[in-house]
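For reference, my_file_9.tsv is printed below; it contains TSV, C-alpha atoms.
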```
chain	number	residue	atom	x	y	z
A	29	MET	CA	-22.60	-9.96	-28.71
A	30	THR	CA	-25.33	-11.63	-30.76
A	31	ARG	CA	-24.15	-12.54	-34.26
A	32	ARG	CA	-26.22	-11.10	-37.08
A	33	THR	CA	-26.11	-12.52	-40.57
A	34	VAL	CA	-26.39	-10.42	-43.71
A	35	TRP	CA	-27.72	-12.57	-46.55
A	36	ALA	CA	-25.64	-11.39	-49.48
A	37	ASP	CA	-27.67	-13.54	-51.96
A	38	HIS	CA	-30.82	-11.52	-51.35
A	39	THR	CA	-29.27	-8.07	-51.80
A	40	ALA	CA	-27.73	-6.66	-54.92
A	41	PRO	CA	-24.15	-5.58	-54.42
A	42	GLU	CA	-25.02	-2.07	-55.63
A	43	SER	CA	-27.62	-1.61	-52.85
A	44	ARG	CA	-25.41	-2.65	-49.97
A	45	PRO	CA	-23.68	0.11	-48.00
A	46	GLY	CA	-19.97	0.24	-48.69
A	47	ALA	CA	-20.33	-1.61	-51.99
A	48	ALA	CA	-19.16	1.29	-54.12
A	49	GLY	CA	-15.77	0.72	-55.68
A	50	ARG	CA	-15.79	-3.07	-55.11
A	51	GLY	CA	-15.15	-5.66	-57.74
A	52	HIS	CA	-18.07	-7.71	-59.06
A	53	GLY	CA	-16.29	-10.98	-59.51
A	54	ASP	CA	-15.42	-12.35	-56.12
A	55	GLY	CA	-17.01	-9.71	-53.86
A	56	VAL	CA	-13.62	-8.67	-52.44
A	57	ASP	CA	-11.88	-5.36	-52.97
A	58	GLN	CA	-8.89	-5.68	-55.24
A	59	SER	CA	-6.70	-4.25	-52.47
A	60	GLY	CA	-7.51	-7.27	-50.29
A	61	ALA	CA	-9.16	-5.17	-47.53
A	62	HIS	CA	-12.45	-6.40	-46.08
A	63	GLU	CA	-15.27	-3.90	-46.27
A	64	ASP	CA	-17.63	-2.68	-43.55
A	65	ASP	CA	-21.33	-3.25	-44.26
A	66	GLY	CA	-22.21	-0.07	-42.34
A	67	ARG	CA	-23.71	-1.85	-39.31
A	68	GLY	CA	-20.59	-2.78	-37.40
A	69	PHE	CA	-19.98	-5.99	-39.41
A	70	ARG	CA	-17.27	-6.82	-41.88
A	71	ASP	CA	-17.46	-8.95	-44.99
A	72	ASP	CA	-14.74	-11.58	-44.82
A	73	GLY	CA	-14.95	-12.34	-48.54
A	74	THR	CA	-17.08	-15.45	-48.17
A	75	GLY	CA	-20.49	-13.73	-48.15
A	76	ARG	CA	-20.64	-13.92	-44.37
A	77	SER	CA	-20.42	-10.96	-42.04
A	78	ARG	CA	-18.42	-11.08	-38.86
A	79	GLY	CA	-19.28	-9.10	-35.75
A	80	ARG	CA	-16.83	-6.40	-34.82
A	81	ARG	CA	-16.36	-5.09	-31.31
A	82	ARG	CA	-16.37	-1.36	-31.09
A	83	ARG	CA	-14.10	0.29	-28.61
A	84	ARG	CA	-14.68	3.58	-26.90
A	85	GLY	CA	-12.00	5.13	-24.74
A	86	GLY	CA	-10.05	1.86	-24.54
A	87	PHE	CA	-12.98	-0.22	-23.22
A	88	ASP	CA	-15.32	-2.60	-24.99
A	89	GLU	CA	-18.79	-1.21	-25.61
A	90	HIS	CA	-20.41	-3.63	-23.16
A	91	GLN	CA	-18.17	-2.26	-20.40
A	92	ASP	CA	-19.28	1.31	-21.09
A	93	SER	CA	-22.93	0.32	-20.99
A	94	GLY	CA	-22.79	-0.46	-17.24
A	95	SER	CA	-24.24	1.95	-14.73
A	96	PRO	CA	-21.82	4.40	-13.03
A	97	SER	CA	-22.46	2.85	-9.63
A	98	SER	CA	-21.53	-0.64	-10.80
A	99	SER	CA	-18.37	0.63	-12.46
A	100	ARG	CA	-17.31	2.41	-9.26
A	101	ALA	CA	-17.99	-0.69	-7.21
A	102	GLU	CA	-15.92	-2.85	-9.55
A	103	GLN	CA	-13.04	-0.38	-9.23
A	104	GLY	CA	-13.26	-0.39	-5.43
A	105	GLN	CA	-14.36	3.23	-5.19
A	106	PRO	CA	-16.77	4.35	-2.47
A	107	PRO	CA	-20.38	4.89	-3.53
A	108	THR	CA	-21.57	8.37	-4.25
A	109	GLY	CA	-24.48	10.04	-2.47
A	110	ASP	CA	-24.87	9.94	1.31
A	111	PRO	CA	-21.65	11.24	2.97
A	112	ALA	CA	-22.06	8.82	5.88
A	113	GLU	CA	-22.25	5.87	3.49
A	114	ARG	CA	-19.18	7.13	1.68
A	115	ALA	CA	-17.33	7.56	4.97
A	116	ARG	CA	-18.18	4.03	6.10
A	117	ALA	CA	-17.08	2.58	2.75
A	118	ILE	CA	-13.78	4.47	2.86
A	119	CYS	CA	-13.02	3.35	6.41
A	120	LEU	CA	-13.90	-0.28	5.77
A	121	ARG	CA	-11.71	-0.36	2.69
A	122	LEU	CA	-8.75	1.17	4.54
A	123	LEU	CA	-9.17	-1.22	7.46
A	124	THR	CA	-9.19	-4.27	5.23
A	125	GLY	CA	-6.02	-6.23	5.91
A	126	THR	CA	-4.41	-3.73	8.30
A	127	ALA	CA	-5.26	-1.83	11.46
A	128	ARG	CA	-5.26	1.97	11.45
A	129	THR	CA	-5.54	4.64	14.07
A	130	ARG	CA	-8.49	6.98	14.37
A	131	LYS	CA	-6.34	9.89	13.21
A	132	GLN	CA	-5.22	8.03	10.09
A	133	LEU	CA	-8.83	7.37	9.15
A	134	ALA	CA	-9.87	10.93	10.01
A	135	ASP	CA	-7.13	12.28	7.74
A	136	ALA	CA	-8.30	10.01	4.93
A	137	LEU	CA	-11.91	11.17	5.29
A	138	ARG	CA	-10.87	14.82	5.35
A	139	LYS	CA	-8.81	14.30	2.22
A	140	ARG	CA	-11.92	12.91	0.51
A	141	GLU	CA	-13.92	15.93	1.63
A	142	ILE	CA	-16.19	14.13	4.08
A	143	PRO	CA	-17.79	16.75	6.41
A	144	ASP	CA	-16.14	16.83	9.83
A	145	ASP	CA	-19.36	16.15	11.73
A	146	VAL	CA	-20.14	13.12	9.57
A	147	ALA	CA	-16.59	11.81	9.93
A	148	GLU	CA	-16.74	12.22	13.71
A	149	GLU	CA	-19.98	10.28	13.93
A	150	VAL	CA	-18.76	7.44	11.73
A	151	LEU	CA	-15.40	7.15	13.50
A	152	SER	CA	-17.05	7.13	16.91
A	153	ARG	CA	-19.36	4.34	15.79
A	154	PHE	CA	-16.38	2.35	14.50
A	155	GLU	CA	-14.72	2.75	17.89
A	156	GLU	CA	-17.85	1.54	19.67
A	157	VAL	CA	-17.92	-1.71	17.70
A	158	GLY	CA	-14.14	-2.24	18.01
A	159	LEU	CA	-13.12	-1.59	14.41
A	160	ILE	CA	-10.93	1.27	15.66
A	161	ASN	CA	-8.85	0.63	18.77
A	162	ASP	CA	-5.82	2.86	19.19
A	163	SER	CA	-4.74	1.09	22.37
A	164	ALA	CA	-4.62	-2.31	20.66
A	165	PHE	CA	-2.95	-0.70	17.64
A	166	ALA	CA	-0.18	0.75	19.83
A	167	ASP	CA	0.40	-2.55	21.63
A	168	ALA	CA	0.64	-4.48	18.38
A	169	TRP	CA	2.91	-1.83	16.86
A	170	VAL	CA	5.36	-2.01	19.74
A	171	GLU	CA	5.41	-5.81	19.66
A	172	SER	CA	5.94	-5.98	15.92
A	173	ARG	CA	8.45	-3.17	15.49
A	174	HIS	CA	10.57	-4.09	18.50
A	175	HIS	CA	10.93	-7.76	17.61
A	176	GLY	CA	10.97	-7.24	13.85
A	177	ARG	CA	13.16	-4.12	13.58
A	178	GLY	CA	14.77	-3.95	17.02
A	179	LEU	CA	13.41	-0.45	17.70
A	180	ALA	CA	13.79	0.95	21.20
A	181	ARG	CA	11.09	2.66	23.22
A	182	ARG	CA	12.10	6.15	22.12
A	183	ALA	CA	11.82	5.32	18.40
A	184	LEU	CA	8.57	3.42	18.92
A	185	ALA	CA	7.02	6.35	20.76
A	186	ARG	CA	8.07	8.69	17.97
A	187	GLU	CA	6.44	6.50	15.34
A	188	LEU	CA	3.20	6.18	17.30
A	189	ARG	CA	3.00	9.95	17.73
A	190	THR	CA	3.19	10.43	13.97
A	191	LYS	CA	0.20	8.09	13.65
A	192	GLY	CA	-1.88	10.17	16.03
A	193	VAL	CA	-1.92	7.86	19.04
A	194	GLU	CA	-2.56	9.69	22.32
A	195	SER	CA	0.37	10.13	24.71
A	196	THR	CA	-1.21	8.06	27.49
A	197	LEU	CA	-1.71	5.12	25.14
A	198	ILE	CA	1.85	5.47	23.85
A	199	ASP	CA	3.25	5.39	27.38
A	200	GLU	CA	1.25	2.27	28.17
A	201	ALA	CA	2.37	0.51	25.00
A	202	VAL	CA	6.09	1.27	25.20
A	203	GLY	CA	5.98	0.56	28.93
A	204	GLN	CA	5.62	-3.11	28.01
A	205	LEU	CA	9.33	-3.08	27.11
A	206	ASP	CA	11.37	-3.19	30.28
A	207	PRO	CA	15.00	-1.92	30.25
A	208	GLU	CA	16.42	-5.45	30.46
A	209	GLN	CA	14.53	-6.57	27.36
A	210	GLU	CA	15.52	-3.42	25.50
A	211	GLU	CA	19.20	-3.92	26.32
A	212	ALA	CA	19.05	-7.59	25.31
A	213	THR	CA	17.70	-6.55	21.91
A	214	ALA	CA	20.49	-3.96	21.59
A	215	ARG	CA	23.08	-6.68	22.22
A	216	GLU	CA	21.55	-8.87	19.53
A	217	LEU	CA	21.67	-5.98	17.04
A	218	VAL	CA	25.33	-5.30	17.79
A	219	ALA	CA	26.23	-8.99	17.56
A	220	ARG	CA	24.70	-9.19	14.07
A	221	LYS	CA	26.48	-6.04	12.91
A	222	LEU	CA	29.83	-6.72	14.56
A	223	ARG	CA	31.26	-9.00	11.91
A	224	SER	CA	30.82	-6.41	9.14
A	225	THR	CA	32.98	-3.94	11.10
A	226	ARG	CA	35.98	-6.20	11.52
A	227	GLY	CA	39.07	-4.77	9.90
A	228	LEU	CA	38.14	-1.20	10.80
A	229	ASP	CA	39.97	0.72	13.51
A	230	ARG	CA	38.39	0.66	16.94
A	231	ASP	CA	36.94	4.17	17.00
A	232	LYS	CA	35.33	3.74	13.59
A	233	ARG	CA	33.76	0.48	14.71
A	234	ILE	CA	32.40	2.19	17.80
A	235	ARG	CA	30.88	5.03	15.78
A	236	ARG	CA	29.29	2.66	13.30
A	237	LEU	CA	27.83	0.31	15.90
A	238	ALA	CA	26.69	3.01	18.30
A	239	GLY	CA	25.23	5.04	15.44
A	240	MET	CA	23.17	2.05	14.36
A	241	LEU	CA	21.73	1.77	17.86
A	242	ALA	CA	21.06	5.51	18.05
A	243	ARG	CA	19.03	5.40	14.82
A	244	LYS	CA	16.88	2.72	16.38
A	245	GLY	CA	16.16	4.87	19.42
A	246	TYR	CA	18.67	3.60	21.99
A	247	GLY	CA	20.17	6.12	24.38
A	248	GLU	CA	23.84	7.02	24.35
A	249	GLY	CA	24.59	5.41	27.69
A	250	MET	CA	23.10	2.06	26.78
A	251	ALA	CA	24.57	2.12	23.27
A	252	LEU	CA	28.09	2.79	24.50
A	253	ARG	CA	27.84	0.16	27.23
A	254	VAL	CA	26.62	-2.51	24.82
A	255	VAL	CA	29.21	-1.68	22.16
A	256	ARG	CA	32.06	-1.62	24.70
A	257	GLN	CA	31.10	-5.04	26.03
A	258	ALA	CA	30.90	-6.50	22.52
A	259	LEU	CA	34.33	-5.17	21.61
A	260	GLU	CA	35.87	-6.39	24.84
A	261	GLU	CA	34.61	-9.88	24.11
A	262	GLU	CA	36.53	-9.69	20.82
A	263	GLY	CA	39.71	-8.64	22.64
A	264	GLU	CA	39.57	-4.90	21.91
A	265	ASP	CA	41.08	-2.56	24.50
A	266	THR	CA	38.33	-0.22	25.70
A	267	GLU	CA	39.95	1.17	28.87
A	268	ASP	CA	40.25	4.66	27.43
A	269	LEU	CA	36.85	4.57	25.78
A	270	GLY	CA	34.64	7.52	26.76
A	271	TYR	CA	31.57	9.33	25.50
A	272	GLU	CA	33.68	11.41	23.12
A	273	ALA	CA	34.11	8.32	20.94
A	274	PHE	CA	30.37	8.01	20.47
```

Take the structure from the file and write it as structure tokens.
Amino acid sequence: MTRRTVWADHTAPESRPGAAGRGHGDGVDQSGAHEDDGRGFRDDGTGRSRGRRRRRGGFDEHQDSGSPSSSRAEQGQPPTGDPAERARAICLRLLTGTARTRKQLADALRKREIPDDVAEEVLSRFEEVGLINDSAFADAWVESRHHGRGLARRALARELRTKGVESTLIDEAVGQLDPEQEEATARELVARKLRSTRGLDRDKRIRRLAGMLARKGYGEGMALRVVRQALEEEGEDTEDLGYEAF
């Protein structure tokens, strides 16, 4: 803000706005409060006026003076106007830093009231240039969630369905996990959990370990087989162990 100077020497105190009720000796109100000169400046008692920022709605005046489009851009909001431009801006923002399926983006556009025909055109164009690739998304999801969380094929397929991936692509993605790899991961999960179950009776340990595997999508047969082997290696008697304990 440009500083403006009010020359107190050239103006009689009586003619200055806000001068009424002020003392004539030192130019400062007896209460000690600094007066406003009526133009957004305050007298600090020395004959000089200091600029004062005005606030409107919690923002400085210079922030409010910007155009609506610049304010929206600074806040990361999509531009107004052409629905196709808005749709492209929304998709690009959502794709920044993370992959998304076509259905996820379509849901986001519908939520923002983008016309269906416009959304379809924009999404198809994004697929053509490779910005949307549900097959690659499914492959990466399986790789990440299996090695990071130990999820089995059944749980991975369920998650991909909720994200709108087509069944054929889901089958191809989860098909990358062969049964041997899935069982090896189940054994690793049980080995990590086994220590925390020591001290419990056998059946309770079985339910806790097998339940953990079930939540991650492993079938009952594999879960029971893996848990039984882990307990046998610790010296537990599992001869009478059947499916009823699961």

Which residue is closest to Glu264 of chain A? Choose from A:Arg233, A:Arg243, A:Arg116, A:Arg130 and count all atoms listed in the file.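 Distance minimum relative to Glu264 of chain A lands on A:Arg233.
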
Considering all atoms listed in the file, can you say which of A:Ala168, A:Ala238, A:Leu151, A:Ala201 comes closest to Ala136 of chain A? A:Leu151

So that I can see what lies close to Ala112 of chain A, please list as a PyMOL selection string the residues with an atom at most 7 Å from it, counting all atoms listed in the file and leaving out residues fewer than 2 positions away in the same chain. chain A and resi 110+114-116+146+150

Using only C-alpha atoms, the residue out of A:Arg256, A:Lys139, A:Arg182, A:Arg128 with shortest distance to Gly158 of chain A is A:Arg128

Just how far from atom CA of Glu208 of chain A is atom CA of Lys191 of chain A, in Å to one decimal?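 We find that atom CA of Lys191 of chain A and atom CA of Glu208 of chain A lie 27.0 Å from each other.
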
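Atom CA of Val255 of chain A is positioned 28.9 Å from atom CA of Glu200 of chain A.
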
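If you look at atom CA of Glu262 of chain A and atom CA of Val218 of chain A, they are 12.4 Å away from each other.
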
Shortest interatomic distance to Arg230 of chain A - which of A:Leu197, A:Ala166, A:Ala180, A:Leu259, counting all atoms listed in the file: A:Leu259

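Once Glu210 of chain A and its same-chain neighbours fewer than 5 positions away are set aside, A:His174, A:Gly178, A:Leu179, A:Ala180, A:Arg181, A:Leu205, A:Arg215, A:Tyr246, A:Met250 remain within 10 Å of it when counting only C-alpha atoms.
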
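The smallest atom-to-atom distance between Gly192 of chain A and any of A:Arg235, A:Arg253, A:Lys131, A:Arg173, using all atoms listed in the file, is found for A:Lys131.
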